[in-house]
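Data block below; observations after.
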Amino acid sequence: MNRIAVMTSGGDSPGMNAAIRAVVRTAIYHKMEVFGIRRGYQGMLEGDIFRMKTTDVSNIIQRGGTMLKTARSKEFMTEEGMQKAYGELQRHQIEGLVLIGGDGTFKGANAFFEKYPIPAIGLPGTIDKDLAGTDVTIGFDTAVNTAVEAIDKIRDTADAHNRMFIVEVMGRDAGYIALNSGIACGAEDILIPELKTDMQSIIRKIKSDQRRKKIVHLLVVAEGDDFGGGMDVKNLMSKELPDADIRVCVLGHIQRGGAPTFADRVLASRLGYAAVNALRAGKKQVMAGQINNEIVFTPFSEVVKQEAQIPEDLKEMTVILTT
Ligand code: F6P
């Protein structure tokens, strides 16, 4: 294999640049030609593909975002869009691909490579950590650290005013950011889609806290919780606690940006390097992940189908520590 291309797709995540850098440098080390595809699948079908040199990836390992840009492409999911993308890959004589992204990226990959079997290796790049086949995803560690820093600050002001706060963190279908930032910040309650929330018991707890003059109550809510996001939870609570002074803070996209932590930089470097070696070894249509500190490969179809699970002990611990 001599000509490969790399792209980032879906929501960006801190560490994507470190992964791109590792792919480019490992490929060039092995005397391969390496191309960048801008704006994910959309750029692929538009032929936004360019040759990359080792210096193109200088000074990016510490940067959030992605130098290749990213997009969510509806057009790619159509038959015509996929045909166009395949045509562009052929025109550029691309023999192998490295795709960095989350759930949507692997859904796209699954549909595309069934029909157009160009060897491809995926890398898990998402702050949500909602992919099977890996213990960790590129960007998750940074996003949780960003959330922790913000929530700690919110607790300072919550404490100063004796206020209740609801902090909404990202995670449309997954509660990993909420769970981990909530544990790390000593949240009084953590609401995530994977755990059934008993709103009445939360209300009872707040009332009992108020009786014992523990006024500050900080809830961390995943945006995809069954009760909805932070504002929905506040509206529900205000009905039951009309006198409570409740503030809502939606952390939003700041969780997706910023310099990646060392853990994300190392993970991304390791996976990027592994992806090129996997292509050279003839692997295809698999995602490279890290489980128990080992690199493992999981077929795209399984990455899409399975939902990551939160271990039972962590669920139990969360209930105990927030009591
Ligand atoms: O990247 C994952 C994610 O951050 C989700 O947690 C969130 O729901 C979604 O992306 C928001 O994406 P966007 O604003 O780019 O549509």
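Chain lettering (A, B, ...) mirrors the order of the structure tokens, residue numbering begins at 1 for each chain separately, and ligand numbering begins at 1 in order of display.
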In stretch 89-266 of chain A, DSSP alpha helix (DSSP H) residues written as a ChimeraX atom specification: /A:89-91,103-115,140-161,176-184,199-211,230-240,262-266
Distance query A:Lys107 at most 9 Å, only C-alpha atoms, self and fewer than 3 positions along chain excluded, as a ChimeraX atom specification: /A:102-104,110-112,300-301,303-304
Please find the residues contacting ligand 1 at a distance of at most 7 Å between atoms, with only C-alpha atoms and all ligand atoms counted, and report them as a PDB file with N, CA and C atoms, in the first residue's frame.
```pdb
ATOM      1  N   GLY A  10     -17.485  14.252  11.860  1.00  0.00           N
ATOM      2  CA  GLY A  10     -18.400  14.386  12.999  1.00  0.00           C
ATOM      3  C   GLY A  10     -17.929  15.476  13.955  1.00  0.00           C
ATOM      4  N   GLY A  11     -18.378  15.415  15.195  1.00  0.00           N
ATOM      5  CA  GLY A  11     -17.951  16.411  16.183  1.00  0.00           C
ATOM      6  C   GLY A  11     -16.449  16.319  16.422  1.00  0.00           C
ATOM      7  N   ASP A  12     -15.762  17.448  16.428  1.00  0.00           N
ATOM      8  CA  ASP A  12     -14.317  17.400  16.680  1.00  0.00           C
ATOM      9  C   ASP A  12     -14.072  17.002  18.136  1.00  0.00           C
ATOM     10  N   SER A  13     -12.839  16.566  18.392  1.00  0.00           N
ATOM     11  CA  SER A  13     -12.493  16.234  19.785  1.00  0.00           C
ATOM     12  C   SER A  13     -11.008  16.526  19.998  1.00  0.00           C
ATOM     13  N   THR A 126     -14.028  11.026  19.800  1.00  0.00           N
ATOM     14  CA  THR A 126     -15.266  11.650  20.279  1.00  0.00           C
ATOM     15  C   THR A 126     -15.147  11.938  21.766  1.00  0.00           C
ATOM     16  N   ILE A 127     -15.667  13.085  22.167  1.00  0.00           N
ATOM     17  CA  ILE A 127     -15.622  13.408  23.600  1.00  0.00           C
ATOM     18  C   ILE A 127     -16.619  12.549  24.381  1.00  0.00           C
ATOM     19  N   ASP A 128     -17.581  11.952  23.664  1.00  0.00           N
ATOM     20  CA  ASP A 128     -18.674  11.252  24.358  1.00  0.00           C
ATOM     21  C   ASP A 128     -18.285   9.877  24.914  1.00  0.00           C
ATOM     22  N   MET A 170     -22.112  17.835  28.008  1.00  0.00           N
ATOM     23  CA  MET A 170     -22.440  17.198  26.725  1.00  0.00           C
ATOM     24  C   MET A 170     -22.624  15.695  26.863  1.00  0.00           C
ATOM     25  N   GLY A 171     -23.228  15.124  25.864  1.00  0.00           N
ATOM     26  CA  GLY A 171     -23.481  13.686  25.827  1.00  0.00           C
ATOM     27  C   GLY A 171     -24.913  13.454  25.407  1.00  0.00           C
ATOM     28  N   ARG A 172     -25.111  13.425  24.088  1.00  0.00           N
ATOM     29  CA  ARG A 172     -26.477  13.315  23.562  1.00  0.00           C
ATOM     30  C   ARG A 172     -27.089  11.971  23.938  1.00  0.00           C
ATOM     31  N   HIS A 253     -20.232  23.763  24.098  1.00  0.00           N
ATOM     32  CA  HIS A 253     -19.109  23.391  23.229  1.00  0.00           C
ATOM     33  C   HIS A 253     -17.731  23.707  23.787  1.00  0.00           C
ATOM     34  N   ARG A 256     -15.631  20.743  23.916  1.00  0.00           N
ATOM     35  CA  ARG A 256     -15.047  20.123  22.723  1.00  0.00           C
ATOM     36  C   ARG A 256     -13.720  20.757  22.321  1.00  0.00           C
TER      37      ARG A 256
END
```
Counting only C-alpha atoms, the residue of A:Glu149, A:Arg247, A:Phe106, A:Arg211 that sits nearest A:Ala288: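 Using only C-alpha atoms, A:Ala288 sits closest to A:Phe106.
Checking A:Leu279, A:Ala158, A:Phe297, A:Thr70 one by one against A:Ile246, counting only C-alpha atoms, you find the shortest gap at A:Ala158.
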Nearest to A:Lys234 by atom-to-atom distance, counting only C-alpha atoms, from A:Ala85, A:Val220, A:Ile183, A:Val34: A:Val220
Expected answer as a PyMOL selection string: strand (DSSP E or B) residues in stretch 41-121 of chain A: chain A and resi 49-51+96-101+120-121
Selected residue, from A:Ile190, A:Leu218, A:Leu68, A:Ile4, that lies nearest to A:Ile320 when counting only C-alpha atoms: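 Smallest separation from A:Ile320 among the options: A:Ile190.
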Å distance separating atom CA of A:Ala178 from atom CA of A:Ala109, one decimal place: 28.1 Å
Test item: residues at most 12 Å from A:Ile151, only C-alpha atoms, excluding those fewer than 6 positions along its chain, as a list in words: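 Counting only the stated atoms, we get Val144, Asn145, Thr157, Ala158, Asp159, Phe165, Ile166, Val167, Glu168, Val169, Ala178, Asn180, Ser181, Gly182, Ile183, Ala184, Cys185, Gly186, Ala187, Leu218, Leu219, Val220, Val221, Val248, Cys249, Val250, Leu251 and Gln255 of chain A.
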Counting only C-alpha atoms, the residue of A:Leu321, A:Leu123, A:Ala150, A:Ile177 that sits nearest A:Leu271: A:Leu123
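Restricting the calculation to only C-alpha atoms, the smallest distance between A:Glu194 and any of A:Ala274, A:Leu314, A:Leu97, A:Val286 is found for A:Leu314.
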Exercise: stretch 242-245 of chain A partners within 9 Å, only C-alpha atoms, chain neighbours under 5 positions left out, as a PyMOL selection string: chain A and resi 162-165+237
Would you save the residues from that selection as a PDB file, in the first residue's frame, using C-alpha atoms?
```
ATOM      1  CA  ASN A 162     -26.203  29.177  48.958  1.00  0.00           C
ATOM      2  CA  ARG A 163     -27.696  28.295  45.633  1.00  0.00           C
ATOM      3  CA  MET A 164     -28.742  25.176  43.831  1.00  0.00           C
ATOM      4  CA  PHE A 165     -27.059  24.694  40.493  1.00  0.00           C
ATOM      5  CA  MET A 237     -37.698  20.919  40.069  1.00  0.00           C
TER       6      MET A 237
END
```
Contact residues around A:His30 with only C-alpha atoms at 12 Å, ignoring same-chain residues under 5 positions, as a list in words: Met1, Asn2, Arg3, Ile4, Val23, Val24, Arg25, Tyr273, Val276, Asn277, Leu279 and Arg280 of chain A
Selection: 7 Å around A:Gln290, only C-alpha atoms, excl. self and same-chain fewer than 6 positions, as a ChimeraX atom specification: /A:134-136,296
Would you export the selected residues with all heavy atoms as a CSV table (one decimal), in the first residue's frame, please?
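Result saved to selection_3.csv:
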```csv
chain,number,residue,atom,x,y,z
A,134,THR,N,-13.4,-0.1,22.7
A,134,THR,CA,-12.3,0.7,23.2
A,134,THR,C,-12.7,1.1,24.7
A,134,THR,O,-13.9,1.4,24.9
A,134,THR,CB,-11.9,1.9,22.4
A,134,THR,OG1,-10.8,2.5,22.9
A,134,THR,CG2,-13.1,2.9,22.3
A,135,ASP,N,-11.7,1.2,25.5
A,135,ASP,CA,-12.0,1.7,26.9
A,135,ASP,C,-12.0,3.3,26.9
A,135,ASP,O,-12.5,3.9,27.8
A,135,ASP,CB,-10.8,1.3,27.8
A,135,ASP,CG,-10.8,-0.1,28.2
A,135,ASP,OD1,-11.9,-0.8,28.0
A,135,ASP,OD2,-9.8,-0.6,28.6
A,136,VAL,N,-11.3,3.8,25.9
A,136,VAL,CA,-11.1,5.3,25.9
A,136,VAL,C,-11.3,5.8,24.5
A,136,VAL,O,-11.1,5.1,23.5
A,136,VAL,CB,-9.7,5.7,26.4
A,136,VAL,CG1,-9.6,5.8,27.9
A,136,VAL,CG2,-8.7,4.7,25.9
A,296,VAL,N,-6.4,-2.9,20.3
A,296,VAL,CA,-7.3,-3.9,19.8
A,296,VAL,C,-8.1,-3.4,18.6
A,296,VAL,O,-8.3,-2.2,18.4
A,296,VAL,CB,-8.3,-4.4,20.8
A,296,VAL,CG1,-7.7,-5.1,22.0
A,296,VAL,CG2,-9.1,-3.2,21.4
```
Stretch 198-200 of chain A surroundings by only C-alpha atoms, 12 Å radius, close-in-sequence under 3 positions cut, as a VMD selection string: chain A and resid 189 to 192 195 203 to 207 219 225 to 227 233 to 234 236 to 237 239 to 241 319
